[in-house]
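K.L.:
One structure is given below, represented as structure tokens, and several questions about it will come after.
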Amino acid sequence: MFSFELLLDAVVLGLLVGCFYAAVSIGLSVSFGLLDVPHVAHPAFLVLASYGTYILNQHGIDPIIAGLMLMPVLFVFGLFAYRVYYETFERRGGDAGVRGIAFFFGVAFVIEVLIILMFGVDQRSVQALYIGKSMGIGDMRIPLRLLVAFGVALTLTAALALYLARTFTGRAIRAVAQDELALRLMGANPVAVKQWAFGIATAVLGPAGALLIIVAPVDPTLDRAYIGRTFCVVVMAGLGSMSGTLIAGIILGVIESIVLTLYGASWAPAISFAMLLAVLAVRPQGLMGR
Amino acid sequence: MSQALLDVKGVTKRFGGFTALDAVSVAIRPGERFGLVGPNGSGKTTLINCISGVLGLDKGTISFLGADISKLPTYLRTRRGIARSFQIPRPFRTMTVIENLMVAFEFTAGHGHGGHQSRDEAMALLEQMGLGAKAFRPSSELSQVELRKMELARAMAARPKLLISDEAMAGLSSAEIDEVLDLLIKVNQDGITIIMIEHIMHAVMRFSERVMCLDAGRIIASGTPGEVMADQRVQEAYLGASSQG
Amino acid sequence: MQQAQRGWIFWAVAALFVGAAAVATFSIKNEYPFFAGYLILQFMVLATAWNILGGYAGYVNFGTSAFFGLGVYTAVFLFKATGAPLLVQIAVAAAVGALLGFLVGLLTLRMRGIFFSIATIALTIIIETFIINWKFVGGATGMPMIRPPAMPPFDSYIKMLFVNGAVMVVIAVALARFIQGSWIGRGLRALRDDELAAACSGVPTLKLKLLACVISGALMCAAGAPNAMYLSFADPASAFNLNYSVSALAMALIGGTGHWIGPVLGALLLSSTQQLLTVTISSEVNVLVLGLMLVLFVVAAPDGILGLFRRVRARFTGDAGGRV
């Protein structure tokens with residue numbers, strides 16, 4: 001039966017989950033939105049970070065701390081990955097576009113299979129003080145872990161947005177996205193800037209991956225569902241807009257939540273993809289598009 | 001009065017809040033040699049993109065040979081006889097030089113003709129441009145200057161009635177500029193109308209019968225090359241307004 | 001070699017190919033070679049179909065699984081609803097695939113490269129979700145398919161599927177070969193190299209892309225139809241498995257995308273290797289090898305095996321020339 005309370009529940013939950021979607025997508029906002037890298041493997045990196053969190057959590061480390069601990073490792077990994085991508089594809093030109101996409105697709109696939117080989121196909125989850133409990137707010141009971149995820153997600157998004165707006169390297173990253181030649185003329189090396197940016201975008205996946213496994217158990221094929229969600233958020237946001245990413249994430253979260261409540265879980269995977277297609281078809285430059 | 005070959009009427013083009021072209025109107029006569037000048041960002045390439053169909057119009061119409069082509073897709077405009085070269089060359093990288101031209105020929109004037117005729121036509125054009133020796137080399141091997149020449153040759157391979165050259169001479173040496181100019185003049189004498197966008201002033205002066213100057217999307221001067229160059233507004237547009245005393 | 005002579009040779013080889021397949025079914029008693037061989041033939045069709053849009057036109061389709069799965073379920077639906085024979089299932093699947101290819105093309109071909117690719121993934125998930133929710137064809141749990149008796153002169157259904165597969169390979173390859181050598185293929189290459197310049201050179205880019213989408217989609221869907229009977233079972237997770245998308249792409253890229261032989265070679269090599277690995281080690285390892293080889297080739301040998309051949313030949317004959 002349709003009830004207002006149920007709908008309100010769905011909206012609130014959607015809001016919390018939506019911020020989480022934004023957090024897992026901001027890395028892509030940078031790597032794809034600003035740097036134009038066809039990073040179809042972003043969700044695979046995200047899931048990899050989740051499993052990294054899982055391993056550390058097995059040793060008793062709180063998942064969020066684990067996520068932060070993973071950041072330097074992921075940063076270096078991002079630097080390396082961009083180097084490979086740049087040397088192989090951006091340098092050569094030609095039909096690099098086709099092969100660049102195929103490259104990341106292949107990488108995503110390999111990561112997925114490696115995870116299956118190491119961990120099996122079963123779901124994994126983490127333990128923490130805030131997982132398993134819920135809090136009453138008004139008439140609703142909200143799982144504590146979602147509130148924690150909400151808080152961390154907001155912090156993460158705000159931190160990255162501030163970084164890009166206020167610091168020198170952050171502004172260099174925004175600059176290289178808009179006018180590479182001008183940046184070069186100013187004496188900065190655009191490739192180094194992009195590499196650094198990609199490193200940051202990958203590092204951000206540390207806490208994001210932690211959130212992923214906090215919010216729900218993960219399995220190796222989760223990256224497929226998140227291709228839809230992350231690209232949906234990034235495209236709706238308008239490539240490269242941080243505030244747009246937050247808003248877009250919330251919109252996706254709320255709509256998904258409502259559809260889930262009304263029609264059940266078997267339709268859930270299709271929603272983000274359907275929205276993505278709709279946005280691409282109607283307003284490809286996104287909500288806050290450049 | 002002879003009918004205009006290309007009739008641009010009140011064309012306005014906006015990108016978000018930015019007006020790239022503001023009610024631009026011009027009628028190009030058949031067989032004319034027309035020069036289009038203006039500082040960077042004045043809307044010259046936008047106008048060309050509108051004429052060739054790459055961009056849609058917000059206001060106004062464009063007619064070619066008396067028919068309204070404002071909504072016609074790009075490839076059909078090319079088949080009707082409008083060909084253009086690009087400011088930054090866009091070669092078909094995986095093809096040889098001659099294949100680049102053969103594609104243009106095959107899909108326009110040469111539709112339905114055999115491969116041999118395509119190749120002969122393309123070869124003749126390449127010889128004219130001085131690229132004959134490189135005909136069978138991959139186009140990715142060409143230097144910037146050679147690419148510009150191929151760009152122009154490819155546009156000509158479409159056997160257009162109207163040829164638009166977008167800064168084809170940037171980076172060419174003095175001798176090469178004269179070469180290309182002579183070629184374009186000869187092409188014009190064979191009956192092809194040419195619109196030339198150029199920054200190299202002496203080329204525009206030598207080549208054009210009529211010149212139009214754009215600035216910030218508007219026409220600020222139009223007339224013979226001498227008239228336009230002497231126009232104060234044109235000089236201000238290029239050099240910046242003179243400072244007050 | 002003259003064009004006409006090449007044509008004769010191609011059709012002679014094609015006839016031999018199908019003939020050999022037919023002869024094999026009568027001389028070899030054991031069904032296993034046909035069971036394994038069918039998969040290779042299936043992937044030859046998929047890779048060839050993928051290449052028409054992905055290789056010739058440069059639009060990287062990640063949605064092979066969508067078309068393949070749709071083919072499977074078209075067959076399931078027809079069989080459950082009308083008991084239609086195999087050839088009808090395939091023909092209808094081809095029509096459905098053509099229609100879907102057309103619609104998808106209209107919707108997505110105006111999008112930039114990577115968006116097109118992601119849109120095709122979206123398609124797979126969306127179609128799969130619809131099928132999961134459709135009870136008539138079995139929903140998420142799947143539907144067993146009882147094979148009808150094989151049509152004479154075949155005594156075994158698998159053998160019949162095998163020869164059918166060989167014929168489908170010939171059809172797919174003949175289509176690809178025709179496109180490649182015709183003005184359609186040249187137009188596609190031009191638009192792959194530079195779509196804007198192609199349009200300004202008179203190439204009807206949207207029409208050609210749509211054509212490639214339609215033909216590619218029809219072939220992929222047709223390739224899926226016999227799969228339901230092949231496995232005697234159909235379920236959404238298997239039919240829409242992303243592995244089909246990765247395989248078709250990988251086989252075409254690894255074989256070489258410029259020529260129709262490339263995907264055939266890639267499918268032969270990879271599918272055989274995969275089956276060997278599945279049987280000797282594990283099915284996960286076979287998938288891992290697929291992914292690794294894709295990445296390796298994309299990075300190190302972008303023109304695929306055909307490209308490697310060409311480079312070796314060039315070194316010996318001192319001729320570089322243009323690309324095929």
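Ordering of the structure tokens sets the chain letters (A, B, ...); residue numbers start at 1 within each chain; ligands are numbered from 1 in the order shown.
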List the neighbours of Ile177 of chain B out to 12 Å using only C-alpha atoms; skip same-chain residues closer than 3 positions along the sequence, and give me the result as a list in words.
P.N.:
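Answer for this query is Met129, Val145, Arg148, Lys149, Glu167, Ala168, Met169, Ala170, Gly171, Leu172, Ser173, Ser174, Val180, Leu181, Asp182, Leu183, Leu184, Glu198, Ile200, Met201, His202, Ala203, Val204, Arg206 and Phe207 of chain B.
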K.L.:
Find the residues around Ala150 of chain C up to 12 Å (only C-alpha atoms counted), leave out those fewer than 3 positions away in its own chain, and share them as a PyMOL selection string.
P.N.:
chain C and resi 85-86+146-147+153-164+229
K.L.:
Identify, on the basis of only C-alpha atoms, every residue whose closest approach to Thr245 of chain A does not exceed 12 Å; exclude the query and any residue fewer than 4 positions from it along the same chain; express the result as a PyMOL selection string.
P.N.:
chain A and resi 18-30+33+153-154+157-158+160-161+229-241+249-253+286-289
K.L.:
Could you write out the selected residues, including N, CA and C atoms, as a compact mmCIF listing (two decimals), in the first residue's frame?
P.N.:
```txt
# COMPACT_ATOMS: atom_id res chain seq x y z
N GLY A 18 22.36 8.70 -1.30
CA GLY A 18 22.75 9.57 -2.40
C GLY A 18 24.07 10.27 -2.15
N CYS A 19 24.27 10.73 -0.90
CA CYS A 19 25.55 11.36 -0.58
C CYS A 19 26.68 10.36 -0.72
N PHE A 20 26.37 9.14 -0.33
CA PHE A 20 27.35 8.07 -0.48
C PHE A 20 27.67 7.86 -1.97
N TYR A 21 26.65 7.88 -2.82
CA TYR A 21 26.89 7.75 -4.26
C TYR A 21 27.79 8.88 -4.76
N ALA A 22 27.56 10.08 -4.22
CA ALA A 22 28.39 11.20 -4.63
C ALA A 22 29.84 10.95 -4.25
N ALA A 23 30.03 10.43 -3.03
CA ALA A 23 31.40 10.20 -2.55
C ALA A 23 32.13 9.18 -3.41
N VAL A 24 31.42 8.13 -3.84
CA VAL A 24 32.13 7.15 -4.67
C VAL A 24 32.31 7.64 -6.09
N SER A 25 31.66 8.74 -6.44
CA SER A 25 31.77 9.22 -7.81
C SER A 25 32.71 10.41 -7.98
N ILE A 26 33.08 11.09 -6.87
CA ILE A 26 33.88 12.30 -7.07
C ILE A 26 35.23 12.00 -7.72
N GLY A 27 35.79 10.84 -7.41
CA GLY A 27 37.05 10.47 -8.07
C GLY A 27 36.86 10.47 -9.58
N LEU A 28 35.73 9.94 -10.02
CA LEU A 28 35.46 9.88 -11.46
C LEU A 28 35.21 11.28 -12.02
N SER A 29 34.62 12.15 -11.20
CA SER A 29 34.42 13.53 -11.64
C SER A 29 35.75 14.15 -12.02
N VAL A 30 36.78 13.78 -11.29
CA VAL A 30 38.10 14.30 -11.61
C VAL A 30 38.71 13.56 -12.80
N GLY A 33 35.67 13.51 -15.63
CA GLY A 33 35.09 14.83 -15.82
C GLY A 33 36.12 15.89 -16.18
N ALA A 153 30.94 10.89 3.73
CA ALA A 153 30.79 11.25 2.32
C ALA A 153 30.80 12.77 2.14
N LEU A 154 30.03 13.44 2.97
CA LEU A 154 30.00 14.91 2.88
C LEU A 154 31.38 15.50 3.09
N THR A 157 33.64 14.84 0.04
CA THR A 157 33.29 15.68 -1.09
C THR A 157 33.72 17.12 -0.86
N ALA A 158 33.43 17.61 0.34
CA ALA A 158 33.81 18.98 0.65
C ALA A 158 35.32 19.15 0.60
N LEU A 160 37.56 17.48 -1.10
CA LEU A 160 38.08 17.48 -2.47
C LEU A 160 37.71 18.78 -3.19
N ALA A 161 36.50 19.25 -2.97
CA ALA A 161 36.08 20.49 -3.62
C ALA A 161 36.96 21.65 -3.15
N ARG A 229 25.94 3.66 -11.73
CA ARG A 229 25.72 4.70 -10.73
C ARG A 229 26.74 5.82 -10.83
N THR A 230 28.02 5.46 -10.89
CA THR A 230 29.03 6.51 -10.90
C THR A 230 28.97 7.35 -12.16
N PHE A 231 28.83 6.71 -13.32
CA PHE A 231 28.77 7.50 -14.54
C PHE A 231 27.48 8.30 -14.62
N CYS A 232 26.41 7.73 -14.08
CA CYS A 232 25.15 8.48 -14.04
C CYS A 232 25.35 9.76 -13.24
N VAL A 233 25.95 9.64 -12.07
CA VAL A 233 26.17 10.81 -11.22
C VAL A 233 27.07 11.82 -11.91
N VAL A 234 28.18 11.35 -12.45
CA VAL A 234 29.15 12.26 -13.05
C VAL A 234 28.56 12.97 -14.26
N VAL A 235 27.81 12.24 -15.08
CA VAL A 235 27.23 12.86 -16.27
C VAL A 235 26.12 13.83 -15.89
N MET A 236 25.27 13.42 -14.93
CA MET A 236 24.21 14.33 -14.50
C MET A 236 24.80 15.60 -13.90
N ALA A 237 25.92 15.44 -13.21
CA ALA A 237 26.51 16.59 -12.53
C ALA A 237 27.05 17.59 -13.53
N GLY A 238 27.37 17.14 -14.72
CA GLY A 238 28.11 18.05 -15.59
C GLY A 238 29.57 17.82 -15.30
N LEU A 239 30.30 17.44 -16.33
CA LEU A 239 31.64 16.93 -16.11
C LEU A 239 32.50 17.89 -15.32
N GLY A 240 33.01 17.41 -14.21
CA GLY A 240 33.98 18.20 -13.47
C GLY A 240 33.39 19.06 -12.37
N SER A 241 32.09 19.07 -12.20
CA SER A 241 31.53 19.93 -11.15
C SER A 241 31.38 19.15 -9.85
N GLY A 249 24.21 12.96 -7.02
CA GLY A 249 24.20 11.75 -6.20
C GLY A 249 22.93 11.64 -5.39
N ILE A 250 22.53 12.76 -4.82
CA ILE A 250 21.32 12.76 -4.00
C ILE A 250 20.10 12.44 -4.86
N ILE A 251 20.03 13.05 -6.02
CA ILE A 251 18.89 12.79 -6.91
C ILE A 251 18.81 11.31 -7.24
N LEU A 252 19.95 10.73 -7.61
CA LEU A 252 19.96 9.30 -7.94
C LEU A 252 19.54 8.47 -6.74
N GLY A 253 20.11 8.81 -5.57
CA GLY A 253 19.79 8.05 -4.36
C GLY A 253 18.30 8.07 -4.05
N GLY A 286 24.74 17.81 -18.80
CA GLY A 286 24.51 17.64 -17.37
C GLY A 286 23.78 18.82 -16.73
N LEU A 287 23.59 18.72 -15.42
CA LEU A 287 22.83 19.75 -14.71
C LEU A 287 23.60 21.05 -14.64
N MET A 288 24.89 20.92 -14.37
CA MET A 288 25.69 22.13 -14.22
C MET A 288 26.75 22.15 -15.28
N GLY A 289 26.38 21.70 -16.45
CA GLY A 289 27.36 21.40 -17.48
C GLY A 289 28.20 22.57 -17.92
```
K.L.:
Using only C-alpha atoms, which residues sit within 9 Å of Leu6 of chain B once same-chain residues fewer than 4 positions away are excluded, as a short mmCIF file (atom, residue, chain, number, x, y, z; two decimals) with C-alpha atoms, in the first residue's frame?
P.N.:
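For reference, selection.cif as written:
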```cif
data_model
loop_
_atom_site.label_atom_id
_atom_site.label_comp_id
_atom_site.auth_asym_id
_atom_site.auth_seq_id
_atom_site.Cartn_x
_atom_site.Cartn_y
_atom_site.Cartn_z
CA VAL B 26 26.02 38.40 -46.73
CA ALA B 27 25.37 37.30 -50.28
CA ILE B 28 28.20 35.59 -52.14
CA ARG B 29 28.08 35.96 -55.90
CA PRO B 30 28.83 33.05 -58.22
CA ILE B 51 27.41 27.41 -43.60
CA ILE B 62 21.16 30.11 -45.30
CA SER B 63 20.36 29.47 -48.95
CA PHE B 64 22.53 27.87 -51.57
CA LEU B 65 21.73 28.01 -55.27
CA GLY B 66 18.35 29.43 -54.34
CA LEU B 162 31.80 26.83 -53.33
#
```
K.L.:
Fewer than 5 positions away in the same chain doesn't count, so skip those; otherwise give me all residues within 10 Å of Asn188 of chain B, counting only C-alpha atoms, as a list in words.
P.N.:
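The residues that qualify are Gly31, Glu32, Arg33, Lys161, Leu162, Leu163, Asp182, Leu183, Thr193 and Ile194 of chain B.
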K.L.:
For chain B versus chain A, which residues have an atom no more than 9 Å away, and what is each residue's nearest atom pair and distance in Å rounded to one decimal, using only C-alpha atoms, chain-then-number order, as a tab-separated table?
P.N.:
```
residue	atom	partner	partner_atom	distance
B:Arg93	CA	A:Gly94	CA	6.7
B:Thr94	CA	A:Gly94	CA	7.8
B:Ser140	CA	A:Gly94	CA	8.9
```
K.L.:
With C-alpha atoms retained, write the just-selected residues as an mmCIF file, in the first residue's frame.
P.N.:
```
data_model
loop_
_atom_site.group_PDB
_atom_site.id
_atom_site.type_symbol
_atom_site.label_atom_id
_atom_site.label_comp_id
_atom_site.auth_asym_id
_atom_site.auth_seq_id
_atom_site.Cartn_x
_atom_site.Cartn_y
_atom_site.Cartn_z
ATOM 1 C CA ARG B 93 44.981 9.151 -40.411
ATOM 2 C CA THR B 94 44.752 5.486 -41.251
ATOM 3 C CA SER B 140 50.103 10.395 -40.768
#
```
K.L.:
Please report as number ranges by chain which residues of chain C come no farther than 6 Å from chain A, using only C-alpha atoms.
P.N.:
C: 122, 126, 288, 291, 294-295
K.L.:
I need the residues from that last selection saved to file as a CSV table (one decimal), in the first residue's frame (with C-alpha atoms), if you can.
P.N.:
```csv
chain,number,residue,atom,x,y,z
C,122,ALA,CA,23.3,0.3,-19.7
C,126,ILE,CA,18.3,-2.8,-18.5
C,288,LEU,CA,41.5,-14.0,-16.3
C,291,GLY,CA,41.2,-10.0,-19.7
C,294,LEU,CA,43.0,-8.0,-24.0
C,295,VAL,CA,45.0,-5.5,-22.0
```
K.L.:
Taking only C-alpha atoms into account and nothing else, which residues of chain B lie no more than 9 Å away from chain C? Please answer as number ranges by chain.
P.N.:
B: 52-54, 73-79, 82-86, 90-96, 100-101, 103-108, 136-139, 154-155, 157-158
K.L.:
Go ahead and save the picked residues with C-alpha atoms, as a PDB file, in the first residue's frame.
P.N.:
```
ATOM      1  CA  SER B  52      28.759  23.868 -43.813  1.00  0.00           C
ATOM      2  CA  GLY B  53      26.139  22.521 -41.434  1.00  0.00           C
ATOM      3  CA  VAL B  54      28.358  21.607 -38.517  1.00  0.00           C
ATOM      4  CA  PRO B  73      22.744  17.796 -42.774  1.00  0.00           C
ATOM      5  CA  THR B  74      26.389  18.451 -43.468  1.00  0.00           C
ATOM      6  CA  TYR B  75      27.028  15.666 -45.945  1.00  0.00           C
ATOM      7  CA  LEU B  76      24.148  16.748 -48.161  1.00  0.00           C
ATOM      8  CA  ARG B  77      25.479  20.299 -48.254  1.00  0.00           C
ATOM      9  CA  THR B  78      28.800  18.927 -49.385  1.00  0.00           C
ATOM     10  CA  ARG B  79      27.063  16.920 -52.089  1.00  0.00           C
ATOM     11  CA  ILE B  82      29.882  23.328 -50.503  1.00  0.00           C
ATOM     12  CA  ALA B  83      33.324  22.126 -49.471  1.00  0.00           C
ATOM     13  CA  ARG B  84      35.574  23.396 -46.725  1.00  0.00           C
ATOM     14  CA  SER B  85      39.001  22.875 -45.302  1.00  0.00           C
ATOM     15  CA  PHE B  86      39.679  22.971 -41.562  1.00  0.00           C
ATOM     16  CA  ARG B  90      41.743  16.789 -39.953  1.00  0.00           C
ATOM     17  CA  PRO B  91      43.227  14.040 -42.074  1.00  0.00           C
ATOM     18  CA  PHE B  92      41.958  10.472 -42.209  1.00  0.00           C
ATOM     19  CA  ARG B  93      44.981   9.151 -40.411  1.00  0.00           C
ATOM     20  CA  THR B  94      44.752   5.486 -41.251  1.00  0.00           C
ATOM     21  CA  MET B  95      44.516   6.200 -44.967  1.00  0.00           C
ATOM     22  CA  THR B  96      47.123   7.193 -47.502  1.00  0.00           C
ATOM     23  CA  ASN B 100      41.934  10.779 -48.318  1.00  0.00           C
ATOM     24  CA  LEU B 101      41.042  12.480 -51.553  1.00  0.00           C
ATOM     25  CA  VAL B 103      36.910   9.325 -50.131  1.00  0.00           C
ATOM     26  CA  ALA B 104      35.895  12.918 -50.800  1.00  0.00           C
ATOM     27  CA  PHE B 105      35.542  12.248 -54.493  1.00  0.00           C
ATOM     28  CA  GLU B 106      33.710   8.964 -54.094  1.00  0.00           C
ATOM     29  CA  PHE B 107      31.067  10.384 -51.816  1.00  0.00           C
ATOM     30  CA  THR B 108      30.331  13.472 -53.838  1.00  0.00           C
ATOM     31  CA  PHE B 136      50.783   6.612 -51.522  1.00  0.00           C
ATOM     32  CA  ARG B 137      52.315   7.455 -48.173  1.00  0.00           C
ATOM     33  CA  PRO B 138      50.197   7.245 -45.022  1.00  0.00           C
ATOM     34  CA  SER B 139      48.726  10.645 -44.291  1.00  0.00           C
ATOM     35  CA  ARG B 154      40.626  17.037 -50.250  1.00  0.00           C
ATOM     36  CA  ALA B 155      38.111  19.860 -50.229  1.00  0.00           C
ATOM     37  CA  ALA B 157      38.337  16.625 -54.589  1.00  0.00           C
ATOM     38  CA  ALA B 158      34.680  17.027 -53.706  1.00  0.00           C
TER      39      ALA B 158
END
```
K.L.:
May I have the residues within 10 Å of Ala216 of chain A as a PyMOL selection string, using only C-alpha atoms and disregarding those fewer than 3 positions away in the same chain?
P.N.:
chain A and resi 123-126+131+145-146+211-213+219
